[in-house]
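Printed here is work-v6.cif (mmCIF, C-alpha atoms):
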```cif
data_structure
loop_
_atom_site.label_atom_id
_atom_site.label_comp_id
_atom_site.auth_asym_id
_atom_site.auth_seq_id
_atom_site.Cartn_x
_atom_site.Cartn_y
_atom_site.Cartn_z
CA ILE G 63 72.85 27.81 2.52
CA LEU G 64 71.77 24.27 3.45
CA LEU G 65 68.93 25.67 5.56
CA LEU G 66 67.65 27.81 2.69
CA ASN G 67 67.78 24.84 0.28
CA ARG G 68 65.67 22.73 2.65
CA ARG G 69 63.08 25.51 2.94
CA PHE G 70 62.84 25.94 -0.82
CA ARG G 71 62.47 22.18 -1.26
CA GLY G 72 59.68 22.10 1.31
CA MET G 73 57.87 24.94 -0.43
CA GLY G 74 57.89 23.02 -3.70
CA LYS G 75 56.22 19.93 -2.28
CA LYS G 76 52.53 19.47 -3.00
CA PRO G 77 50.24 18.40 -0.16
CA ASP G 78 48.85 14.85 -0.29
CA LYS G 79 45.22 15.07 -1.37
CA GLY G 80 44.45 11.68 0.09
CA ARG G 81 45.22 12.82 3.64
CA ASP G 82 43.66 15.37 5.92
CA LYS G 83 45.43 17.80 8.27
CA GLY G 84 45.89 15.11 10.90
CA GLY G 85 47.65 12.81 8.47
CA GLU G 86 44.75 10.34 8.17
CA PRO G 87 43.70 9.17 4.67
CA LYS G 88 40.45 10.59 3.27
CA ASP G 89 37.70 8.59 1.56
CA ASP G 90 36.08 11.19 -0.70
CA ASP G 91 35.92 9.18 -3.91
CA PRO G 92 32.59 10.21 -5.52
CA SER G 93 32.61 7.12 -7.76
CA LYS G 94 32.15 4.80 -4.77
CA SER G 95 28.52 3.77 -4.21
CA PRO G 96 27.08 4.14 -0.68
CA GLU G 97 26.57 1.11 1.46
CA PRO G 98 23.23 -0.68 0.89
CA TYR G 99 20.49 0.47 3.23
CA GLN G 100 19.14 -2.02 5.74
CA CYS G 101 15.44 -1.50 6.42
CA THR G 102 14.52 -1.22 10.10
CA GLY G 103 10.80 -2.02 9.86
CA ASN G 104 9.83 1.63 10.41
CA PHE G 105 8.06 2.29 7.11
CA ASP G 106 8.13 6.08 7.32
CA THR G 107 11.87 6.22 8.07
CA ASP G 108 12.86 3.55 5.55
CA PHE G 109 10.70 4.94 2.75
CA THR G 110 11.96 8.51 3.24
CA GLU G 111 15.62 7.49 3.37
CA LEU G 112 15.41 5.35 0.24
CA CYS G 113 13.63 8.14 -1.64
CA LYS G 114 16.45 10.52 -0.70
CA ARG G 115 19.05 8.06 -1.92
CA ALA G 116 17.15 7.71 -5.20
CA ASN G 117 17.00 11.53 -5.55
CA ILE G 118 13.19 11.57 -5.60
CA VAL G 119 12.18 15.20 -5.01
CA PRO G 120 9.79 15.96 -3.45
CA THR G 121 9.53 12.83 -1.33
CA PRO G 122 5.93 11.55 -1.10
CA PRO G 123 4.80 11.84 2.53
CA VAL G 124 3.66 8.82 4.53
CA VAL G 125 0.34 9.79 6.13
CA PRO G 126 -2.48 7.94 7.91
CA LYS G 127 -5.54 7.25 5.80
CA GLY G 128 -8.52 9.44 6.60
CA ARG G 129 -11.43 7.83 8.38
CA ALA G 130 -15.03 8.87 8.79
CA PRO G 131 -15.78 10.04 12.33
CA GLY G 132 -17.40 7.40 14.46
CA ALA G 133 -20.71 7.75 16.22
CA ALA G 134 -20.74 9.58 19.54
CA PRO G 135 -20.61 7.27 22.55
CA ILE G 136 -23.96 6.58 24.14
CA VAL G 137 -24.13 7.86 27.70
CA GLN G 138 -26.54 5.94 29.86
CA GLU G 139 -28.60 7.99 32.28
CA LYS G 140 -28.24 7.10 35.93
CA THR G 141 -31.42 5.85 37.53
CA PRO G 142 -31.90 5.97 41.28
CA THR G 143 -31.62 2.64 43.06
CA LYS G 144 -33.42 1.39 46.09
CA LYS G 145 -30.26 1.47 48.20
CA GLN G 146 -29.80 5.19 47.63
CA ASN G 147 -30.26 7.42 50.60
CA LYS G 148 -33.47 9.42 50.54
CA ASN G 149 -31.62 12.58 51.58
CA GLU G 150 -29.11 12.17 48.75
CA LYS G 151 -29.79 14.59 45.93
CA ILE G 152 -29.90 13.39 42.37
CA GLU G 153 -28.36 15.76 39.82
CA ALA G 154 -30.84 16.75 37.16
CA PRO G 155 -29.75 16.73 33.50
CA PRO G 156 -28.95 20.15 32.06
CA PRO G 157 -31.91 21.86 30.40
CA PRO G 158 -32.01 21.87 26.58
CA PRO G 159 -30.98 25.11 24.87
CA PRO G 160 -33.72 27.51 23.83
CA GLU G 161 -35.18 27.00 20.38
CA ASP G 162 -33.81 30.30 19.11
CA GLU G 163 -30.25 29.42 20.11
CA ALA G 164 -30.50 25.89 18.68
CA ASP G 165 -31.77 27.18 15.34
CA GLY G 166 -29.03 29.79 15.23
CA ALA G 167 -26.37 27.17 15.88
CA GLU G 168 -27.60 25.02 12.99
CA HIS G 169 -27.57 27.86 10.47
CA SER G 170 -24.38 29.50 11.70
CA THR G 171 -21.65 29.72 9.06
CA ASP G 172 -18.87 30.29 11.61
CA ALA G 173 -19.23 26.90 13.29
CA ALA G 174 -16.19 24.65 12.87
CA PRO G 175 -16.86 21.51 10.78
CA THR G 176 -16.80 18.23 12.67
CA THR G 177 -17.11 15.67 9.85
CA PHE G 178 -14.37 16.85 7.49
CA SER G 179 -11.19 18.93 7.34
CA LEU G 180 -10.14 21.51 4.77
CA LYS G 181 -6.85 21.30 2.86
CA ASN G 182 -4.90 23.56 0.55
CA ASN G 183 -5.57 23.56 -3.19
CA TYR G 184 -4.45 20.39 -4.98
CA GLU G 185 -3.03 18.90 -1.77
CA TYR G 186 -5.39 15.97 -2.05
CA MET G 187 -4.00 15.16 -5.52
CA LYS G 188 -0.32 15.21 -4.49
CA PRO G 189 1.45 11.83 -4.29
CA ALA G 190 1.26 10.35 -0.80
CA VAL G 191 1.47 6.92 0.80
CA GLN G 192 -1.51 6.21 3.03
CA TYR G 193 -1.49 3.62 5.76
CA GLU G 194 -3.76 2.15 8.40
CA VAL G 195 -2.74 0.73 11.75
CA ASP G 196 -4.21 -1.87 14.03
CA PRO G 197 -6.25 0.05 16.66
CA ALA G 198 -5.73 -2.75 19.16
CA ASP G 199 -1.95 -2.45 18.95
CA LYS G 200 -0.37 0.32 21.03
CA LYS G 201 2.82 0.33 18.93
CA LEU G 202 1.02 1.69 15.83
CA VAL G 203 2.01 -1.24 13.64
CA ILE G 204 1.07 -0.70 9.97
CA LYS G 205 -1.36 -3.30 8.64
CA ASP G 206 -2.67 -1.67 5.39
CA VAL G 207 -0.84 0.43 2.77
CA HIS G 208 -2.59 2.37 -0.02
CA PHE G 209 -1.28 4.02 -3.21
CA ARG G 210 -3.82 6.08 -5.13
CA GLY G 211 -3.61 8.12 -8.32
CA TRP G 212 0.15 8.48 -8.94
CA LYS G 213 2.57 6.49 -11.09
CA LEU G 214 4.79 3.87 -9.51
CA ASP G 215 7.81 3.86 -11.82
CA PRO G 216 10.59 1.23 -11.65
CA THR G 217 12.56 3.33 -9.15
CA MET G 218 9.61 3.61 -6.77
CA MET G 219 8.76 -0.06 -7.23
CA ASP G 220 12.32 -0.96 -6.23
CA ILE G 221 11.89 1.10 -3.05
CA LEU G 222 8.71 -0.83 -2.24
CA ARG G 223 10.60 -4.06 -2.90
CA GLN G 224 12.91 -3.15 -0.02
CA THR G 225 10.44 -1.61 2.43
CA LEU G 226 7.22 -3.66 2.29
CA PRO G 227 8.71 -7.09 3.15
CA SER G 228 10.12 -5.56 6.36
CA LEU G 229 6.58 -4.86 7.64
CA ASP G 230 5.81 -7.97 9.68
CA LYS G 231 2.12 -7.17 10.22
CA LEU G 232 1.27 -5.95 6.72
CA ASN G 233 -2.03 -7.59 5.82
CA SER G 234 -3.41 -5.55 2.89
CA LEU G 235 -1.98 -3.66 -0.10
CA SER G 236 -4.10 -1.45 -2.36
CA LEU G 237 -2.99 0.03 -5.71
CA TRP G 238 -5.44 2.22 -7.61
CA ASN G 239 -4.56 3.96 -10.88
CA VAL G 240 -0.79 3.78 -10.33
CA GLY G 241 0.24 3.31 -13.98
CA LEU G 242 1.68 -0.19 -13.82
CA THR G 243 3.64 -1.56 -16.76
CA ASP G 244 4.69 -5.09 -17.67
CA GLU G 245 8.06 -4.44 -16.02
CA THR G 246 6.69 -3.06 -12.74
CA LEU G 247 4.06 -5.83 -12.59
CA VAL G 248 6.83 -8.44 -12.74
CA THR G 249 8.72 -6.60 -9.97
CA LEU G 250 5.57 -6.48 -7.87
CA SER G 251 5.00 -10.21 -8.25
CA THR G 252 8.57 -11.01 -7.14
CA PHE G 253 8.49 -9.32 -3.73
CA LEU G 254 4.85 -9.85 -2.68
CA PRO G 255 5.55 -13.49 -1.65
CA LEU G 256 8.22 -12.10 0.72
CA CYS G 257 5.51 -10.34 2.75
CA GLN G 258 4.71 -13.11 5.20
CA ASN G 259 1.27 -11.90 6.39
CA LEU G 260 0.04 -10.22 3.22
CA LYS G 261 -3.34 -11.81 2.42
CA THR G 262 -5.33 -9.10 0.58
CA VAL G 263 -4.12 -7.35 -2.58
CA SER G 264 -6.18 -4.95 -4.69
CA VAL G 265 -4.94 -3.66 -8.06
CA GLU G 266 -7.55 -1.55 -9.85
CA SER G 267 -7.56 0.72 -12.93
CA CYS G 268 -4.05 -0.38 -13.94
CA PRO G 269 -4.26 -1.94 -17.43
CA VAL G 270 -1.01 -3.49 -18.68
CA PRO G 271 -0.40 -4.59 -22.30
CA GLY G 272 0.86 -8.10 -21.50
CA GLU G 273 -2.00 -8.90 -19.09
CA GLU G 274 0.26 -11.19 -17.04
CA TRP G 275 -1.85 -10.91 -13.90
CA HIS G 276 -1.39 -14.61 -13.27
CA ARG G 277 2.03 -13.76 -11.82
CA LEU G 278 0.22 -12.59 -8.67
CA MET G 279 -1.31 -16.09 -8.26
CA GLY G 280 1.80 -18.26 -8.52
CA GLU G 281 2.56 -21.24 -6.34
CA GLU G 282 4.63 -19.06 -3.97
CA SER G 283 1.82 -16.51 -3.55
CA LYS G 284 0.23 -16.24 -0.10
CA ILE G 285 -2.63 -14.02 -1.32
CA SER G 286 -6.09 -15.26 -0.39
CA ASN G 287 -8.15 -12.24 -1.55
CA LEU G 288 -7.18 -10.75 -4.92
CA THR G 289 -9.04 -7.91 -6.65
CA LEU G 290 -8.28 -7.06 -10.30
CA ARG G 291 -11.19 -4.78 -11.15
CA ASN G 292 -11.25 -2.48 -14.16
CA ASN G 293 -7.89 -3.54 -15.62
CA ARG G 294 -9.16 -4.18 -19.19
CA ILE G 295 -8.41 -7.88 -18.89
CA THR G 296 -9.34 -9.69 -22.12
CA ASP G 297 -9.47 -13.37 -23.07
CA LEU G 298 -5.66 -13.39 -23.19
CA GLY G 299 -5.39 -12.52 -19.52
CA ALA G 300 -8.25 -14.88 -18.71
CA SER G 301 -6.36 -17.77 -20.34
CA TYR G 302 -3.31 -17.04 -18.17
CA ILE G 303 -5.49 -16.86 -15.05
CA GLY G 304 -7.29 -20.11 -15.88
CA ASN G 305 -4.03 -22.00 -16.33
CA THR G 306 -2.70 -20.62 -13.03
CA ILE G 307 -5.83 -21.34 -10.99
CA GLY G 308 -5.55 -25.04 -11.66
CA THR G 309 -4.27 -27.68 -14.07
CA GLN G 310 -3.70 -31.42 -13.82
CA LYS G 311 -0.17 -30.83 -12.54
CA HIS G 312 -0.65 -27.95 -10.09
CA GLN G 313 -3.25 -25.65 -8.56
CA ASN G 314 -3.31 -22.52 -6.42
CA GLN G 315 -3.72 -23.57 -2.79
CA ASN G 316 -4.21 -20.16 -1.11
CA LEU G 317 -6.50 -18.07 -3.32
CA VAL G 318 -10.03 -18.01 -1.86
CA LYS G 319 -11.59 -14.92 -3.46
CA LEU G 320 -10.94 -13.52 -6.96
CA ASN G 321 -12.61 -10.35 -8.24
CA LEU G 322 -12.45 -9.82 -12.01
CA ALA G 323 -15.35 -7.38 -12.34
CA PHE G 324 -15.45 -4.53 -14.89
CA ASN G 325 -13.11 -6.16 -17.42
CA HIS G 326 -13.42 -7.29 -21.08
CA ILE G 327 -13.77 -11.06 -20.70
CA SER G 328 -15.90 -12.79 -23.37
CA PRO G 329 -17.44 -16.31 -23.39
CA VAL G 330 -14.08 -17.64 -24.61
CA GLY G 331 -12.30 -16.21 -21.57
CA ALA G 332 -15.00 -17.53 -19.25
CA LYS G 333 -14.35 -21.03 -20.61
CA TYR G 334 -10.64 -20.67 -19.85
CA ILE G 335 -11.47 -19.78 -16.25
CA ALA G 336 -14.01 -22.62 -16.03
CA ASN G 337 -11.34 -25.12 -17.11
CA GLY G 338 -9.10 -23.87 -14.34
CA LEU G 339 -11.89 -24.22 -11.79
CA ARG G 340 -12.28 -27.90 -12.66
CA MET G 341 -8.93 -28.60 -11.01
CA ASN G 342 -9.30 -26.11 -8.15
CA ARG G 343 -11.26 -26.75 -4.98
CA ASN G 344 -9.98 -23.83 -2.89
CA LEU G 345 -11.44 -20.83 -4.72
CA LEU G 346 -14.78 -20.02 -3.10
CA VAL G 347 -15.73 -16.61 -4.56
CA LEU G 348 -15.37 -15.54 -8.20
CA ASP G 349 -16.75 -12.16 -9.33
CA LEU G 350 -17.20 -11.65 -13.09
CA ALA G 351 -19.71 -8.82 -12.94
CA HIS G 352 -19.78 -6.32 -15.83
CA ASN G 353 -17.96 -8.56 -18.31
CA GLN G 354 -19.21 -9.92 -21.63
CA ILE G 355 -19.33 -13.64 -20.78
CA GLY G 356 -22.92 -14.02 -22.08
CA ASP G 357 -25.08 -17.09 -21.65
CA GLU G 358 -22.43 -19.35 -23.17
CA GLY G 359 -19.83 -18.35 -20.64
CA ALA G 360 -22.29 -18.51 -17.76
CA LEU G 361 -23.26 -22.08 -18.73
CA ALA G 362 -19.61 -23.14 -18.85
CA LEU G 363 -19.10 -21.84 -15.31
CA ALA G 364 -22.37 -23.36 -14.12
CA HIS G 365 -21.36 -26.85 -15.30
CA VAL G 366 -18.18 -26.61 -13.22
CA ILE G 367 -19.72 -25.43 -9.95
CA SER G 368 -22.83 -27.63 -10.16
#
```
Using the file provided, produce a representation of the structure as structure tokens.
Amino acid sequence: ILLLNRRFRGMGKKPDKGRDKGGEPKDDDPSKSPEPYQCTGNFDTDFTELCKRANIVPTPPVVPKGRAPGAAPIVQEKTPTKKQNKNEKIEAPPPPPPEDEADGAEHSTDAAPTTFSLKNNYEYMKPAVQYEVDPADKKLVIKDVHFRGWKLDPTMMDILRQTLPSLDKLNSLSLWNVGLTDETLVTLSTFLPLCQNLKTVSVESCPVPGEEWHRLMGEESKISNLTLRNNRITDLGASYIGNTIGTQKHQNQNLVKLNLAFNHISPVGAKYIANGLRMNRNLLVLDLAHNQIGDEGALALAHVIS
């Protein structure tokens, strides 16, 4: 009777959900957040892993930027020297192909292209991160990163905040038509100073309502070449830029080239920029092409640089 009671009591017990078959406690709490990811400096691996954690599907691929094929190497013809043996035979160059064959090769439709490659429909328009490497470095270290034609939302911008500063040799960043907002522009300006070797930044065709482009030129900025073409910058943005370039209290020490072409800057905005140039002696190149500065704005700039 005692044996039967013990068996019935054992059958009534519920297994402990917090332990596995071996008696060890389990850690399957879905509410717990995963450990923060530590970037390794491998941009492809870090970017892909962070996109998976953010549930970004499909993950934009990281691909090398296409380059135009270089010129064919020039082969120098060997000329006989005086020290050559008279009995030694000199190999003659191969004869040129007949004219009929050469013409047929030019007009042949089956010949494989050598200056371009074909892709599937719409593949060129799919989101992708393009990069360039230093040809002199055997380790394929990324030096340039390009984003073209797809929106960088706050989630994607946070991923870039984690991955780009880990690239020690990153020298250039290009953003074209990526749909920036006031929020993502502020995020961009916070982590760019963390990129130690980043000197060239190009942001084009990304108008933002607040026009706070001066955030990219702060005192902590290491950018020396900044391009802000075609961002619909008005006199409001020009006033911010002028105050950031230089005042009596502070001035930008690193910016050497500023491109503000194809914007909506009037003579009033040109005067704001001219006032900033009075206190700045580091900016060497200023591009205001295709704006509406007029003669009045041009004279204000001329008085400063003369």
request  = Check what the PyMOL selection byres ((chain G and resi 349) around 10) selects in the file above and give those residues as a PyMOL selection string.
outcome  = chain G and resi 289-291+319-324+347-348+350-353
key: Result set of the PyMOL selection byres ((chain G and resi 318) around 8) on the coordinates above, as a list in words   =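 Residues picked by the PyMOL selection byres ((chain G and resi 318) around 8): Ser286, Asn287, Asn316, Leu317, Lys319, Leu320, Asn344, Leu345, Leu346 and Val347 of chain G.
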Point (-14.4, -23.0, -19.6) neighbourhood (9 Å, only C-alpha atoms) written as a list in words =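 Checked against the point, the hits come out as Gly304, Pro329, Val330, Gly331, Ala332, Lys333, Tyr334, Ile335, Ala336, Asn337, Gly338, Leu339, Arg340, Gly359, Leu361, Ala362, Leu363 and Val366 of chain G.
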request  = With the file shown as input, list the residues that the PyMOL selection byres ((chain G and resi 101) around 12) selects, as number ranges by chain.
outcome  = G: 98-100, 102-112, 221-229
inquiry  = If we count all atoms listed in the file and set the cut-off at 6 Å, which residues sit around Gly308 in chain G, ignoring sequence neighbours fewer than 5 positions away in its own chain? Please answer as a PyMOL selection string.
reply    = chain G and resi 313+338+341-342
inquiry  = What's around Pro120 in chain G at 12 Å? Count only C-alpha atoms, leave out sequence neighbours fewer than 3 positions away in its own chain, and write the answer as a PyMOL selection string.
reply    = chain G and resi 110+113-114+116-117+123+188-190
request  = Could you jot down the CA of Pro126 in chain G to CA of Val263 in chain G separation for me, Å, one decimal place?
outcome  = 18.6 Å
query = Within 8 Å of (-5.4, -5.6, 6.3), only C-alpha atoms: residues as a PyMOL selection string?
reply = chain G and resi 205-206+232-235+260-262
note = Expressed in Å, the length from CA of Leu237 in chain G to CA of Leu214 in chain G is 9.5 Å
request  = Between CA of Asn325 in chain G and CA of Glu273 in chain G, measure the distance and give it in Å to one decimal.
outcome  =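 CA of Asn325 in chain G sits 11.6 Å away from CA of Glu273 in chain G.
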message = Considering only C-alpha atoms, can you say which of G:Ile327, G:Met279, G:Ala364, G:Ile285 comes closest to Asn305 in chain G?
response =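 For Asn305 in chain G, the nearest of the given residues is G:Met279.
Closest approach to Gln258 in chain G among G:Lys201, G:His326, G:Lys284, G:His312 is made by G:Lys284 (distances from all atoms listed in the file).
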Exercise: Glu282 in chain G partners within 10 Å, all atoms listed in the file, chain neighbours under 5 positions left out, as a list in words =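 Surrounding residues, per the criterion: Ser251, Thr252, Leu254, Pro255, Leu256, Arg277, Asn314, Gln315 and Asn316 of chain G.
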inquiry  = Measuring between all atoms listed in the file, which one of G:Thr246, G:Ser236, G:Asn259, G:Gln192 shows the shortest distance to Lys213 in chain G?
reply    =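 Using all atoms listed in the file, the shortest distance to Lys213 in chain G belongs to G:Thr246.
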query = Smallest atom-to-atom distance to Arg115 in chain G: which of G:Glu97, G:Leu250, G:Asp297, G:Asn292, using all atoms listed in the file?
reply =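 Of all the options, G:Glu97 lies closest to Arg115 in chain G.
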